[in-house]
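Data block for data_5.pdb (PDB, C-alpha atoms):
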```pdb
ATOM      1  CA  MET A   1     -27.439  50.853-108.150
ATOM      2  CA  ASP A   2     -29.503  50.316-105.060
ATOM      3  CA  SER A   3     -31.738  47.262-104.658
ATOM      4  CA  GLY A   4     -34.907  49.198-105.535
ATOM      5  CA  GLU A   5     -33.453  50.378-108.843
ATOM      6  CA  MET A   6     -32.208  46.902-109.703
ATOM      7  CA  LEU A   7     -35.568  45.355-108.810
ATOM      8  CA  GLY A   8     -37.491  47.904-110.898
ATOM      9  CA  LEU A   9     -35.339  47.241-113.954
ATOM     10  CA  PHE A  10     -35.501  43.477-113.462
ATOM     11  CA  GLU A  11     -39.302  43.614-113.169
ATOM     12  CA  ALA A  12     -39.454  45.617-116.438
ATOM     13  CA  HIS A  13     -37.250  42.927-117.987
ATOM     14  CA  ARG A  14     -39.579  40.145-116.785
ATOM     15  CA  GLU A  15     -42.630  42.021-118.134
ATOM     16  CA  ALA A  16     -40.932  42.358-121.530
ATOM     17  CA  GLU A  17     -40.111  38.637-121.501
ATOM     18  CA  ALA A  18     -43.734  37.778-120.697
ATOM     19  CA  ALA A  19     -44.878  40.001-123.581
ATOM     20  CA  ARG A  20     -42.247  38.421-125.902
ATOM     21  CA  ASP A  21     -41.075  41.987-126.667
ATOM     22  CA  ILE A  22     -37.439  41.411-127.538
ATOM     23  CA  ASP A  23     -36.783  45.114-128.213
ATOM     24  CA  ALA A  24     -38.018  45.972-124.704
ATOM     25  CA  ILE A  25     -35.950  43.110-123.268
ATOM     26  CA  LEU A  26     -32.842  44.475-124.955
ATOM     27  CA  GLU A  27     -33.543  47.975-123.577
ATOM     28  CA  THR A  28     -32.940  46.581-120.078
ATOM     29  CA  PHE A  29     -29.406  45.488-121.057
ATOM     30  CA  VAL A  30     -26.165  47.386-121.647
ATOM     31  CA  THR A  31     -24.988  47.453-125.266
ATOM     32  CA  ASP A  32     -22.316  44.800-124.752
ATOM     33  CA  CYS A  33     -24.656  42.496-122.809
ATOM     34  CA  PHE A  34     -24.482  38.729-122.472
ATOM     35  CA  LEU A  35     -26.832  35.809-122.007
ATOM     36  CA  GLU A  36     -25.194  32.694-120.633
ATOM     37  CA  THR A  37     -27.127  29.426-120.499
ATOM     38  CA  MET A  38     -24.899  27.512-118.125
ATOM     39  CA  PRO A  39     -26.211  23.930-118.569
ATOM     40  CA  LEU A  40     -25.695  24.233-122.331
ATOM     41  CA  GLY A  41     -22.297  25.900-122.118
ATOM     42  CA  LEU A  42     -23.576  28.694-124.366
ATOM     43  CA  ARG A  43     -22.769  32.382-124.025
ATOM     44  CA  SER A  44     -24.231  34.986-126.360
ATOM     45  CA  GLU A  45     -22.456  38.331-126.332
ATOM     46  CA  GLY A  46     -23.787  41.634-127.673
ATOM     47  CA  ARG A  47     -27.348  42.655-128.400
ATOM     48  CA  ASP A  48     -27.607  40.885-131.766
ATOM     49  CA  ALA A  49     -26.455  37.583-130.289
ATOM     50  CA  VAL A  50     -28.703  37.987-127.233
ATOM     51  CA  ARG A  51     -31.665  38.765-129.525
ATOM     52  CA  ALA A  52     -30.964  35.583-131.504
ATOM     53  CA  ALA A  53     -30.685  33.541-128.293
ATOM     54  CA  TYR A  54     -34.065  34.755-127.070
ATOM     55  CA  GLU A  55     -35.660  34.078-130.448
ATOM     56  CA  LEU A  56     -34.055  30.742-131.274
ATOM     57  CA  GLN A  57     -33.161  29.184-127.928
ATOM     58  CA  PHE A  58     -36.170  30.213-125.886
ATOM     59  CA  PHE A  59     -39.263  31.749-127.467
ATOM     60  CA  THR A  60     -39.407  29.589-130.612
ATOM     61  CA  SER A  61     -38.531  26.382-128.778
ATOM     62  CA  PHE A  62     -40.783  26.998-125.778
ATOM     63  CA  PRO A  63     -43.449  29.558-126.781
ATOM     64  CA  ASP A  64     -45.090  29.416-123.342
ATOM     65  CA  LEU A  65     -41.800  29.619-121.404
ATOM     66  CA  ALA A  66     -42.499  31.305-118.071
ATOM     67  CA  PRO A  67     -40.218  31.676-115.075
ATOM     68  CA  GLU A  68     -42.017  31.819-111.740
ATOM     69  CA  ASP A  69     -39.750  33.835-109.484
ATOM     70  CA  GLU A  70     -39.961  32.526-105.933
ATOM     71  CA  GLY A  71     -37.146  34.433-104.260
ATOM     72  CA  MET A  72     -34.289  36.813-104.787
ATOM     73  CA  ALA A  73     -31.222  38.135-103.053
ATOM     74  CA  PHE A  74     -29.374  41.389-103.660
ATOM     75  CA  GLY A  75     -25.665  42.082-103.607
ATOM     76  CA  ASP A  76     -23.510  44.936-104.816
ATOM     77  CA  ASP A  77     -24.784  45.487-108.367
ATOM     78  CA  VAL A  78     -26.224  41.955-108.656
ATOM     79  CA  ILE A  79     -29.511  40.139-108.150
ATOM     80  CA  VAL A  80     -29.850  36.380-107.819
ATOM     81  CA  VAL A  81     -33.353  35.119-108.617
ATOM     82  CA  TRP A  82     -34.647  31.583-108.214
ATOM     83  CA  GLY A  83     -37.862  29.737-108.819
ATOM     84  CA  THR A  84     -39.518  27.332-111.236
ATOM     85  CA  LEU A  85     -39.145  27.477-115.003
ATOM     86  CA  ARG A  86     -42.179  26.150-116.864
ATOM     87  CA  GLY A  87     -42.798  25.591-120.552
ATOM     88  CA  THR A  88     -43.708  23.212-123.336
ATOM     89  CA  SER A  89     -41.452  21.913-126.099
ATOM     90  CA  ARG A  90     -43.228  23.166-129.239
ATOM     91  CA  GLY A  91     -40.431  24.187-131.620
ATOM     92  CA  ASN A  92     -36.950  23.085-132.594
ATOM     93  CA  TRP A  93     -34.379  23.663-129.863
ATOM     94  CA  LEU A  94     -30.830  23.961-131.163
ATOM     95  CA  GLY A  95     -32.031  22.124-134.267
ATOM     96  CA  ILE A  96     -33.577  19.251-132.312
ATOM     97  CA  PRO A  97     -37.298  18.662-133.020
ATOM     98  CA  PRO A  98     -39.805  19.359-130.234
ATOM     99  CA  GLY A  99     -40.885  16.584-127.914
ATOM    100  CA  GLY A 100     -44.216  18.156-127.007
ATOM    101  CA  GLY A 101     -43.758  17.607-123.285
ATOM    102  CA  THR A 102     -44.384  20.169-120.581
ATOM    103  CA  PHE A 103     -41.697  20.824-117.980
ATOM    104  CA  ALA A 104     -41.301  22.458-114.585
ATOM    105  CA  VAL A 105     -37.718  22.688-113.332
ATOM    106  CA  PRO A 106     -35.938  24.737-110.691
ATOM    107  CA  PHE A 107     -33.851  27.628-112.034
ATOM    108  CA  ALA A 108     -31.567  30.375-110.806
ATOM    109  CA  ASN A 109     -30.517  33.544-112.619
ATOM    110  CA  VAL A 110     -27.522  35.655-111.688
ATOM    111  CA  VAL A 111     -28.017  39.181-113.019
ATOM    112  CA  PRO A 112     -25.126  41.658-112.713
ATOM    113  CA  PHE A 113     -25.762  45.367-113.291
ATOM    114  CA  GLU A 114     -23.537  48.095-114.683
ATOM    115  CA  HIS A 115     -24.132  51.652-115.865
ATOM    116  CA  GLY A 116     -27.729  51.561-114.597
ATOM    117  CA  LEU A 117     -28.717  48.547-116.728
ATOM    118  CA  MET A 118     -28.468  44.779-116.648
ATOM    119  CA  ALA A 119     -25.055  43.597-117.843
ATOM    120  CA  GLY A 120     -26.531  40.209-118.701
ATOM    121  CA  GLU A 121     -27.901  37.010-117.254
ATOM    122  CA  ARG A 122     -26.410  33.684-116.230
ATOM    123  CA  ILE A 123     -29.154  31.076-116.266
ATOM    124  CA  TYR A 124     -28.919  27.791-114.371
ATOM    125  CA  PHE A 125     -31.421  24.917-114.575
ATOM    126  CA  ASP A 126     -31.508  21.127-114.563
ATOM    127  CA  LEU A 127     -31.064  20.265-118.239
ATOM    128  CA  ALA A 128     -31.560  16.509-117.792
ATOM    129  CA  THR A 129     -34.891  16.922-116.020
ATOM    130  CA  LEU A 130     -36.089  19.550-118.502
ATOM    131  CA  CYS A 131     -35.273  17.235-121.425
ATOM    132  CA  GLU A 132     -36.890  14.234-119.751
ATOM    133  CA  GLN A 133     -40.123  16.111-118.994
ATOM    134  CA  ALA A 134     -40.192  17.837-122.407
ATOM    135  CA  ARG A 135     -39.461  14.514-124.138
ATOM    136  CA  ILE A 136     -36.367  15.896-125.864
ATOM    137  CA  PRO A 137     -33.278  13.657-126.256
ATOM    138  CA  LEU A 138     -30.728  14.963-123.723
ATOM    139  CA  GLU A 139     -27.634  13.717-125.540
ATOM    140  CA  GLU A 140     -28.787  15.317-128.811
ATOM    141  CA  ILE A 141     -29.293  18.667-127.055
ATOM    142  CA  ARG A 142     -25.866  18.412-125.433
ATOM    143  CA  ALA A 143     -24.245  17.587-128.780
ATOM    144  CA  ALA A 144     -26.061  20.435-130.556
ATOM    145  CA  ALA A 145     -25.058  22.874-127.814
ATOM    146  CA  ALA A 146     -21.426  21.726-127.993
ATOM    147  CA  THR A 147     -21.423  22.223-131.758
ATOM    148  CA  LEU A 148     -22.881  25.723-131.379
ATOM    149  CA  ALA A 149     -20.478  26.607-128.550
ATOM    150  CA  ALA A 150     -17.538  25.621-130.765
ATOM    151  CA  THR A 151     -18.632  28.201-133.344
ATOM    152  CA  GLN A 152     -19.108  31.052-130.851
ATOM    153  CA  PRO A 153     -16.397  33.679-130.503
ATOM    154  CA  GLY A 154     -14.263  33.495-127.396
TER     155      GLY A 154
END
```
Since I need it in another form, could you write the structure as structure tokens?
Amino acid sequence: MDSGEMLGLFEAHREAEAARDIDAILETFVTDCFLETMPLGLRSEGRDAVRAAYELQFFTSFPDLAPEDEGMAFGDDVIVVWGTLRGTSRGNWLGIPPGGGTFAVPFANVVPFEHGLMAGERIYFDLATLCEQARIPLEEIRAAAATLAATQPG
């Protein structure tokens, strides 16, 4: 894919995220897609698992979650996007009750493409700062993520 095609698909993906339209989000991904949240050590594979990750790890936990893309770079079939991730802890995250705090942390996404769609996303952010600002206990989130990771296939 050329950079214009990748950008167009990524922008459609961001619009679907902003609308909380998980079906439209999934349409931007290949069937055997992945969503990898690097600071948690969690990788969801396949559309059902990616749907659950969006619902349970992001939109329920942080209903106002909004990435502000500040820059991007293109490679062969990959986009790297960076900016500021903002949100408020309003729902359970990995089983940990919300802290109610608002956060703004730097993030980076690595988005590979294949077969004209996004293969998945690798998401990087500062977990400690997010937890501190959101008033969520960092060690409890790490423990919950480790427990979940141990049950994931792979």
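Compared by their closest atoms to Ala134 (chain A), and using only C-alpha atoms, the residues A:Gly116, A:Gly83, A:Gly91, A:Gly99 rank with A:Gly99 nearest.
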Find the residue from A:Asn109, A:Thr102, A:Thr84, A:Thr37 that sits nearest to Phe10 (chain A); use all atoms listed in the file when measuring.
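Among A:Asn109, A:Thr102, A:Thr84, A:Thr37, it is A:Asn109 that comes nearest to Phe10 (chain A).
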Given the file shown, enumerate the residues that the PyMOL selection byres ((chain A and resi 61) around 12) captures and present them as a PyMOL selection string.
chain A and resi 53-60+62-65+87-102+134+136
Now that the selection is made, can you save its residues with C-alpha atoms as a short mmCIF file (atom, residue, chain, number, x, y, z; two decimals), keeping the file's coordinate frame?
```cif
data_model
loop_
_atom_site.label_atom_id
_atom_site.label_comp_id
_atom_site.auth_asym_id
_atom_site.auth_seq_id
_atom_site.Cartn_x
_atom_site.Cartn_y
_atom_site.Cartn_z
CA ALA A 53 -30.68 33.54 -128.29
CA TYR A 54 -34.06 34.76 -127.07
CA GLU A 55 -35.66 34.08 -130.45
CA LEU A 56 -34.06 30.74 -131.27
CA GLN A 57 -33.16 29.18 -127.93
CA PHE A 58 -36.17 30.21 -125.89
CA PHE A 59 -39.26 31.75 -127.47
CA THR A 60 -39.41 29.59 -130.61
CA PHE A 62 -40.78 27.00 -125.78
CA PRO A 63 -43.45 29.56 -126.78
CA ASP A 64 -45.09 29.42 -123.34
CA LEU A 65 -41.80 29.62 -121.40
CA GLY A 87 -42.80 25.59 -120.55
CA THR A 88 -43.71 23.21 -123.34
CA SER A 89 -41.45 21.91 -126.10
CA ARG A 90 -43.23 23.17 -129.24
CA GLY A 91 -40.43 24.19 -131.62
CA ASN A 92 -36.95 23.08 -132.59
CA TRP A 93 -34.38 23.66 -129.86
CA LEU A 94 -30.83 23.96 -131.16
CA GLY A 95 -32.03 22.12 -134.27
CA ILE A 96 -33.58 19.25 -132.31
CA PRO A 97 -37.30 18.66 -133.02
CA PRO A 98 -39.80 19.36 -130.23
CA GLY A 99 -40.88 16.58 -127.91
CA GLY A 100 -44.22 18.16 -127.01
CA GLY A 101 -43.76 17.61 -123.28
CA THR A 102 -44.38 20.17 -120.58
CA ALA A 134 -40.19 17.84 -122.41
CA ILE A 136 -36.37 15.90 -125.86
#
```
Apply the PyMOL selection byres ((chain A and resi 66) around 6) to the file shown and report the selected residues as a list in words.
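So the PyMOL selection byres ((chain A and resi 66) around 6), applied here, picks out Leu65, Pro67, Leu85 and Arg86 of chain A.
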Hits of the PyMOL selection byres ((chain A and resi 117) around 7) in this structure, as a PyMOL selection string:
chain A and resi 28-30+113-116+118-119
Which one is closest to Ile123 (chain A): A:His13, A:Arg142, A:Arg43, A:Arg51? Count all atoms listed in the file.
A:Arg43
Which residues, written as a list in words, have at least one atom at most 10 Å from Ala149 (chain A), with all atoms listed in the file counted and residues fewer than 6 positions away on the same chain left out?
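Contacts, with the query itself left out: Leu40, Gly41, Leu42, Arg43, Ser44 and Ala143 of chain A.
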Between CA of Ile141 (chain A) and CA of Val50 (chain A), what is the distance, to one decimal in Å?
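Separation between CA of Ile141 (chain A) and CA of Val50 (chain A): 19.3 Å.
Among the candidate residues A:Leu130, A:Val78, A:Ala104, A:Leu148, the one lying nearest to Gly4 (chain A) is A:Val78, with distances computed using all atoms listed in the file.
Here the question is which of A:Thr129, A:Glu11, A:Pro106, A:Val81 gets nearest to Ile25 (chain A) using only C-alpha atoms, and that residue is A:Glu11.
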Between CA of Arg14 (chain A) and CA of Ala73 (chain A), measure the distance and give it in Å to one decimal.
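CA of Arg14 (chain A) sits 16.2 Å away from CA of Ala73 (chain A).
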Measuring between all atoms listed in the file, which one of A:Ala108, A:Glu70, A:Phe34, A:Leu127 shows the shortest distance to Glu140 (chain A)?
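For Glu140 (chain A), the nearest of the given residues is A:Leu127.
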If I take CA of Pro39 (chain A) and CA of Val111 (chain A), how far is one from the other in Å, to one decimal?
16.3 Å
Distance query Thr31 (chain A) at most 8 Å, only C-alpha atoms, self and fewer than 2 positions along chain excluded, as number ranges by chain
A: 29, 33, 46-47
Write out as a list in words which residues come within 9 Å of Asp2 (chain A) when counting all atoms listed in the file, dropping same-chain ones fewer than 3 positions away.
Glu5, Met6, Leu7, Asp76 and Asp77 of chain A
Could you name the residues that touch Ala24 (chain A) at 9 Å or less, counting only C-alpha atoms, but leaving out those on the same chain fewer than 6 positions away, as number ranges by chain?
A: 12-13, 15-17
